[in-house]
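Enquirer: File model-v2.cif follows (mmCIF, C-alpha atoms):
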```cif
data_protein
loop_
_atom_site.group_PDB
_atom_site.id
_atom_site.type_symbol
_atom_site.label_atom_id
_atom_site.label_comp_id
_atom_site.auth_asym_id
_atom_site.auth_seq_id
_atom_site.Cartn_x
_atom_site.Cartn_y
_atom_site.Cartn_z
ATOM 1 C CA MET A 41 11.452 -16.746 -16.216
ATOM 2 C CA ALA A 42 9.987 -13.653 -14.540
ATOM 3 C CA LYS A 43 8.985 -13.885 -10.920
ATOM 4 C CA THR A 44 5.302 -13.459 -10.034
ATOM 5 C CA SER A 45 6.082 -10.428 -7.853
ATOM 6 C CA ASP A 46 7.827 -8.756 -10.809
ATOM 7 C CA LEU A 47 4.777 -9.348 -12.999
ATOM 8 C CA ILE A 48 2.426 -7.959 -10.359
ATOM 9 C CA SER A 49 4.736 -4.984 -9.864
ATOM 10 C CA GLY A 50 4.741 -4.226 -13.592
ATOM 11 C CA VAL A 51 0.948 -4.467 -13.811
ATOM 12 C CA ALA A 52 0.568 -2.307 -10.700
ATOM 13 C CA GLU A 53 2.932 0.379 -11.983
ATOM 14 C CA ARG A 54 1.154 0.592 -15.346
ATOM 15 C CA TYR A 55 -2.293 0.867 -13.784
ATOM 16 C CA ALA A 56 -1.065 3.352 -11.165
ATOM 17 C CA SER A 57 0.590 5.472 -13.846
ATOM 18 C CA SER A 58 -2.623 5.544 -15.887
ATOM 19 C CA LEU A 59 -4.689 6.447 -12.836
ATOM 20 C CA PHE A 60 -2.231 9.182 -11.886
ATOM 21 C CA ASP A 61 -2.405 10.655 -15.405
ATOM 22 C CA LEU A 62 -6.206 10.691 -15.256
ATOM 23 C CA ALA A 63 -6.161 12.237 -11.765
ATOM 24 C CA GLN A 64 -3.709 14.895 -12.901
ATOM 25 C CA GLU A 65 -5.920 15.812 -15.888
ATOM 26 C CA ALA A 66 -8.921 16.065 -13.561
ATOM 27 C CA GLY A 67 -6.935 18.072 -10.977
ATOM 28 C CA SER A 68 -7.744 15.531 -8.285
ATOM 29 C CA VAL A 69 -4.441 13.845 -7.445
ATOM 30 C CA GLU A 70 -4.910 14.321 -3.688
ATOM 31 C CA ASN A 71 -8.589 13.284 -3.711
ATOM 32 C CA VAL A 72 -7.753 10.103 -5.613
ATOM 33 C CA GLN A 73 -4.990 9.309 -3.133
ATOM 34 C CA ALA A 74 -7.390 9.838 -0.217
ATOM 35 C CA ASP A 75 -9.942 7.499 -1.838
ATOM 36 C CA LEU A 76 -7.258 4.882 -2.506
ATOM 37 C CA ASP A 77 -6.118 5.159 1.115
ATOM 38 C CA ARG A 78 -9.722 4.592 2.249
ATOM 39 C CA PHE A 79 -9.977 1.526 0.020
ATOM 40 C CA GLN A 80 -6.655 0.196 1.377
ATOM 41 C CA ALA A 81 -8.035 0.629 4.909
ATOM 42 C CA LEU A 82 -11.083 -1.435 3.896
ATOM 43 C CA ILE A 83 -8.781 -4.177 2.574
ATOM 44 C CA ASP A 84 -6.721 -4.123 5.785
ATOM 45 C CA GLU A 85 -9.858 -4.393 7.940
ATOM 46 C CA SER A 86 -11.676 -7.144 6.036
ATOM 47 C CA ALA A 87 -10.380 -10.664 5.514
ATOM 48 C CA ASP A 88 -13.282 -11.290 3.110
ATOM 49 C CA LEU A 89 -12.349 -8.311 0.919
ATOM 50 C CA LYS A 90 -8.705 -9.385 0.993
ATOM 51 C CA ARG A 91 -9.771 -12.865 -0.129
ATOM 52 C CA LEU A 92 -11.962 -11.407 -2.927
ATOM 53 C CA ILE A 93 -9.022 -9.385 -4.217
ATOM 54 C CA LEU A 94 -6.355 -12.076 -3.994
ATOM 55 C CA SER A 95 -8.252 -15.265 -4.834
ATOM 56 C CA PRO A 96 -8.443 -16.393 -8.469
ATOM 57 C CA VAL A 97 -11.534 -18.534 -7.798
ATOM 58 C CA PHE A 98 -13.937 -15.597 -8.141
ATOM 59 C CA SER A 99 -15.108 -14.844 -11.669
ATOM 60 C CA ALA A 100 -14.564 -11.432 -13.218
ATOM 61 C CA ASP A 101 -18.312 -10.856 -13.054
ATOM 62 C CA ASP A 102 -18.456 -11.750 -9.330
ATOM 63 C CA GLN A 103 -15.489 -9.483 -8.601
ATOM 64 C CA PHE A 104 -17.030 -6.660 -10.642
ATOM 65 C CA LYS A 105 -20.372 -6.901 -8.814
ATOM 66 C CA ALA A 106 -18.715 -7.087 -5.398
ATOM 67 C CA ILE A 107 -16.328 -4.178 -6.064
ATOM 68 C CA SER A 108 -19.179 -2.079 -7.498
ATOM 69 C CA ALA A 109 -21.236 -2.638 -4.334
ATOM 70 C CA ILE A 110 -18.278 -2.005 -2.019
ATOM 71 C CA ALA A 111 -17.244 1.157 -3.869
ATOM 72 C CA GLU A 112 -20.794 2.514 -3.764
ATOM 73 C CA LYS A 113 -21.238 1.721 -0.057
ATOM 74 C CA ALA A 114 -17.837 3.248 0.782
ATOM 75 C CA GLY A 115 -18.612 6.381 -1.243
ATOM 76 C CA LEU A 116 -15.833 5.686 -3.750
ATOM 77 C CA THR A 117 -17.433 7.200 -6.797
ATOM 78 C CA GLY A 118 -15.969 9.040 -9.746
ATOM 79 C CA LEU A 119 -12.436 8.257 -10.809
ATOM 80 C CA VAL A 120 -11.511 5.724 -8.109
ATOM 81 C CA GLY A 121 -14.863 3.929 -8.206
ATOM 82 C CA ASN A 122 -14.697 3.594 -11.992
ATOM 83 C CA PHE A 123 -11.036 2.625 -11.844
ATOM 84 C CA LEU A 124 -11.708 -0.200 -9.368
ATOM 85 C CA LYS A 125 -14.501 -1.492 -11.607
ATOM 86 C CA VAL A 126 -12.171 -1.514 -14.632
ATOM 87 C CA VAL A 127 -9.511 -3.333 -12.635
ATOM 88 C CA ALA A 128 -12.094 -5.910 -11.506
ATOM 89 C CA ARG A 129 -13.464 -6.340 -15.029
ATOM 90 C CA ASN A 130 -9.906 -6.926 -16.314
ATOM 91 C CA ARG A 131 -9.230 -9.514 -13.549
ATOM 92 C CA ARG A 132 -6.430 -7.442 -12.045
ATOM 93 C CA LEU A 133 -7.776 -7.022 -8.499
ATOM 94 C CA PHE A 134 -4.780 -8.999 -7.195
ATOM 95 C CA ALA A 135 -2.652 -5.986 -8.153
ATOM 96 C CA VAL A 136 -4.708 -3.384 -6.227
ATOM 97 C CA PRO A 137 -2.408 -3.225 -3.150
ATOM 98 C CA GLY A 138 0.579 -2.705 -5.493
ATOM 99 C CA ILE A 139 -1.367 -0.150 -7.535
ATOM 100 C CA ILE A 140 -2.147 1.840 -4.399
ATOM 101 C CA ARG A 141 1.480 1.695 -3.240
ATOM 102 C CA SER A 142 2.745 2.718 -6.698
ATOM 103 C CA TYR A 143 0.209 5.560 -6.938
ATOM 104 C CA ARG A 144 1.351 6.895 -3.537
ATOM 105 C CA GLU A 145 4.976 6.828 -4.677
ATOM 106 C CA THR A 146 4.144 8.574 -7.969
ATOM 107 C CA ALA A 147 2.079 11.254 -6.201
ATOM 108 C CA ALA A 148 4.859 11.796 -3.637
ATOM 109 C CA ARG A 149 7.486 12.176 -6.398
ATOM 110 C CA HIS A 150 5.190 14.632 -8.170
ATOM 111 C CA ARG A 151 5.046 16.727 -4.980
ATOM 112 C CA GLY A 152 8.848 16.534 -4.629
ATOM 113 C CA GLU A 153 8.637 14.096 -1.737
ATOM 114 C CA VAL A 154 9.989 10.648 -1.161
ATOM 115 C CA SER A 155 7.647 7.928 -0.024
ATOM 116 C CA ALA A 156 8.327 5.771 3.022
ATOM 117 C CA GLU A 157 6.567 2.578 4.045
ATOM 118 C CA VAL A 158 6.469 2.252 7.830
ATOM 119 C CA ILE A 159 5.435 -0.866 9.723
ATOM 120 C CA SER A 160 4.709 -0.358 13.393
ATOM 121 C CA ALA A 161 3.516 -2.680 16.160
ATOM 122 C CA HIS A 162 0.823 -0.139 17.071
ATOM 123 C CA ALA A 163 -0.778 2.955 15.561
ATOM 124 C CA LEU A 164 1.463 6.022 15.656
ATOM 125 C CA SER A 165 0.180 9.272 17.131
ATOM 126 C CA ASP A 166 0.236 12.443 15.038
ATOM 127 C CA GLN A 167 3.209 13.685 17.059
ATOM 128 C CA GLN A 168 5.126 10.436 16.489
ATOM 129 C CA GLN A 169 4.402 10.624 12.748
ATOM 130 C CA THR A 170 5.605 14.230 12.663
ATOM 131 C CA GLU A 171 8.826 13.292 14.490
ATOM 132 C CA LEU A 172 9.374 10.331 12.166
ATOM 133 C CA LYS A 173 8.875 12.545 9.098
ATOM 134 C CA ALA A 174 11.386 15.049 10.495
ATOM 135 C CA ALA A 175 13.946 12.302 11.179
ATOM 136 C CA LEU A 176 13.503 10.846 7.685
ATOM 137 C CA LYS A 177 13.760 14.317 6.151
ATOM 138 C CA GLY A 178 17.104 14.696 7.923
ATOM 139 C CA VAL A 179 18.300 11.431 6.363
ATOM 140 C CA THR A 180 16.892 11.902 2.844
ATOM 141 C CA GLY A 181 17.094 15.679 2.529
ATOM 142 C CA LYS A 182 13.547 15.753 1.114
ATOM 143 C CA GLU A 183 10.018 15.974 2.440
ATOM 144 C CA VAL A 184 8.771 12.479 3.266
ATOM 145 C CA ALA A 185 5.276 11.081 2.802
ATOM 146 C CA ILE A 186 4.799 8.128 5.126
ATOM 147 C CA ASN A 187 2.366 5.254 4.868
ATOM 148 C CA VAL A 188 1.985 3.532 8.236
ATOM 149 C CA THR A 189 0.861 -0.084 8.451
ATOM 150 C CA VAL A 190 0.182 -1.692 11.820
ATOM 151 C CA ASP A 191 1.553 -5.213 12.283
ATOM 152 C CA PRO A 192 1.443 -6.392 15.923
ATOM 153 C CA SER A 193 3.633 -9.408 15.052
ATOM 154 C CA ILE A 194 6.761 -7.210 15.051
ATOM 155 C CA LEU A 195 6.161 -6.804 18.815
ATOM 156 C CA GLY A 196 7.703 -3.317 19.029
ATOM 157 C CA GLY A 197 9.863 -0.835 17.168
ATOM 158 C CA LEU A 198 9.562 0.070 13.489
ATOM 159 C CA ILE A 199 10.455 -1.177 10.048
ATOM 160 C CA VAL A 200 10.992 1.741 7.673
ATOM 161 C CA LYS A 201 11.492 1.354 3.911
ATOM 162 C CA VAL A 202 12.588 4.356 1.879
ATOM 163 C CA GLY A 203 13.411 3.472 -1.706
ATOM 164 C CA SER A 204 15.813 0.543 -1.650
ATOM 165 C CA ARG A 205 16.858 1.196 1.962
ATOM 166 C CA GLN A 206 15.264 -0.573 4.907
ATOM 167 C CA ILE A 207 15.784 0.133 8.580
ATOM 168 C CA ASP A 208 14.504 -2.637 10.840
ATOM 169 C CA THR A 209 14.404 -1.795 14.537
ATOM 170 C CA SER A 210 11.611 -4.252 15.301
ATOM 171 C CA LEU A 211 11.754 -6.228 18.513
ATOM 172 C CA ARG A 212 11.018 -9.419 16.534
ATOM 173 C CA THR A 213 14.219 -8.948 14.482
ATOM 174 C CA LYS A 214 16.279 -8.126 17.565
ATOM 175 C CA LEU A 215 14.998 -11.245 19.332
ATOM 176 C CA SER A 216 15.772 -13.378 16.263
ATOM 177 C CA SER A 217 19.317 -11.983 16.170
ATOM 178 C CA LEU A 218 19.760 -12.675 19.876
ATOM 179 C CA LYS A 219 18.445 -16.223 19.407
ATOM 180 C CA LEU A 220 21.000 -16.843 16.627
ATOM 181 C CA ALA A 221 23.797 -15.370 18.704
ATOM 182 C CA LEU A 222 22.896 -17.611 21.631
ATOM 183 C CA LYS A 223 22.853 -20.697 19.382
ATOM 184 C CA GLU A 224 26.382 -19.842 18.171
ATOM 185 C CA VAL A 225 27.647 -19.489 21.743
ATOM 186 C CA GLY A 226 25.988 -22.742 22.948
#
```
Mind converting the file's structure to structure tokens?

Expert:
Amino acid sequence: MAKTSDLISGVAERYASSLFDLAQEAGSVENVQADLDRFQALIDESADLKRLILSPVFSADDQFKAISAIAEKAGLTGLVGNFLKVVARNRRLFAVPGIIRSYRETAARHRGEVSAEVISAHALSDQQQTELKAALKGVTGKEVAINVTVDPSILGGLIVKVGSRQIDTSLRTKLSSLKLALKEVG
């Protein structure tokens, strides 16, 4: 039996691929990515929007009306606005975070870059992002597009995912390791 995350991933990749094809035809790959990034920021900032997207209790009509209003207010018109409405109408809003992530990866590959997901305890400055990109370029040998997510629960450090590789230098992980080591000693 397929896992739920695999199903969501498959749905997200198909929708992202379709959106990328449409954006490529319209010559607006970068604009679509910018709009998707803005929508992701709205999701990250609003618990209510996150609940609307993830909860199955809202009807397709309620989701469609809410997404239409949000897209209009946020200035997400054209391709992304219409796309979000189609996703809502098809009851696939739960896949939007995966769609955005998959679209970023597809756009990065198209530009000859690799995509990296970075989780930080605090927002990174432009200089820190530039240094991180340079360090990742040294490791991967390619230009790197990074997507930074702030998660204060990691306390400090970074968690970097590039493809199937993950580097976890978070303080939370180091403290957990130390706690386990101390239990073994005691």

Enquirer: Report the distance between atom CA of Lys173 of chain A and atom CA of Pro137 of chain A in Å, rounded to one decimal place.

Expert: 22.9 Å

Enquirer: For the file shown, report as a JSON list (two decimals) with C-alpha atoms, in the coordinates of the input the outcome of the PyMOL selection byres ((chain A and resi 186-201) around 8) at residue level.

Expert:
```json
[["chain", "number", "residue", "atom", "x", "y", "z"],
["A", 155, "SER", "CA", 7.65, 7.93, -0.02],
["A", 156, "ALA", "CA", 8.33, 5.77, 3.02],
["A", 157, "GLU", "CA", 6.57, 2.58, 4.04],
["A", 158, "VAL", "CA", 6.47, 2.25, 7.83],
["A", 159, "ILE", "CA", 5.44, -0.87, 9.72],
["A", 160, "SER", "CA", 4.71, -0.36, 13.39],
["A", 161, "ALA", "CA", 3.52, -2.68, 16.16],
["A", 162, "HIS", "CA", 0.82, -0.14, 17.07],
["A", 163, "ALA", "CA", -0.78, 2.96, 15.56],
["A", 164, "LEU", "CA", 1.46, 6.02, 15.66],
["A", 173, "LYS", "CA", 8.88, 12.54, 9.10],
["A", 184, "VAL", "CA", 8.77, 12.48, 3.27],
["A", 185, "ALA", "CA", 5.28, 11.08, 2.80],
["A", 202, "VAL", "CA", 12.59, 4.36, 1.88],
["A", 203, "GLY", "CA", 13.41, 3.47, -1.71],
["A", 204, "SER", "CA", 15.81, 0.54, -1.65],
["A", 205, "ARG", "CA", 16.86, 1.20, 1.96],
["A", 206, "GLN", "CA", 15.26, -0.57, 4.91],
["A", 207, "ILE", "CA", 15.78, 0.13, 8.58],
["A", 208, "ASP", "CA", 14.50, -2.64, 10.84],
["A", 209, "THR", "CA", 14.40, -1.80, 14.54],
["A", 210, "SER", "CA", 11.61, -4.25, 15.30],
["A", 211, "LEU", "CA", 11.75, -6.23, 18.51],
["A", 212, "ARG", "CA", 11.02, -9.42, 16.53],
["A", 213, "THR", "CA", 14.22, -8.95, 14.48]]
```

Enquirer: Hey, what comes out of the PyMOL selection byres ((chain A and resi 95-101) around 9) on this file? Could you write it as a ChimeraX atom specification?

Expert: /A:90-94,102-106,128-131,134

Enquirer: Take the residues from that selection and write them out as a CSV table (one decimal), keeping the file's coordinate frame, keeping C-alpha atoms.

Expert:
```csv
chain,number,residue,atom,x,y,z
A,90,LYS,CA,-8.7,-9.4,1.0
A,91,ARG,CA,-9.8,-12.9,-0.1
A,92,LEU,CA,-12.0,-11.4,-2.9
A,93,ILE,CA,-9.0,-9.4,-4.2
A,94,LEU,CA,-6.4,-12.1,-4.0
A,102,ASP,CA,-18.5,-11.8,-9.3
A,103,GLN,CA,-15.5,-9.5,-8.6
A,104,PHE,CA,-17.0,-6.7,-10.6
A,105,LYS,CA,-20.4,-6.9,-8.8
A,106,ALA,CA,-18.7,-7.1,-5.4
A,128,ALA,CA,-12.1,-5.9,-11.5
A,129,ARG,CA,-13.5,-6.3,-15.0
A,130,ASN,CA,-9.9,-6.9,-16.3
A,131,ARG,CA,-9.2,-9.5,-13.5
A,134,PHE,CA,-4.8,-9.0,-7.2
```

Enquirer: Measuring between only C-alpha atoms, which one of A:Gln169, A:Ser216, A:Thr146, A:Thr180 shows the shortest distance to Ala52 of chain A?

Expert: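 Among the listed residues, the smallest separation from Ala52 of chain A belongs to A:Thr146.
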
Enquirer: Which residues, written as a list in words, have at least one atom at most 12 Å from Val51 of chain A, with all atoms listed in the file counted and residues fewer than 2 positions away on the same chain left out?

Expert: Thr44, Ser45, Asp46, Leu47, Ile48, Ser49, Glu53, Arg54, Tyr55, Ala56, Ser57, Ser58, Val127, Asn130, Arg131, Arg132, Leu133, Phe134, Ala135, Val136, Pro137, Gly138, Ile139, Ile140 and Ser142 of chain A
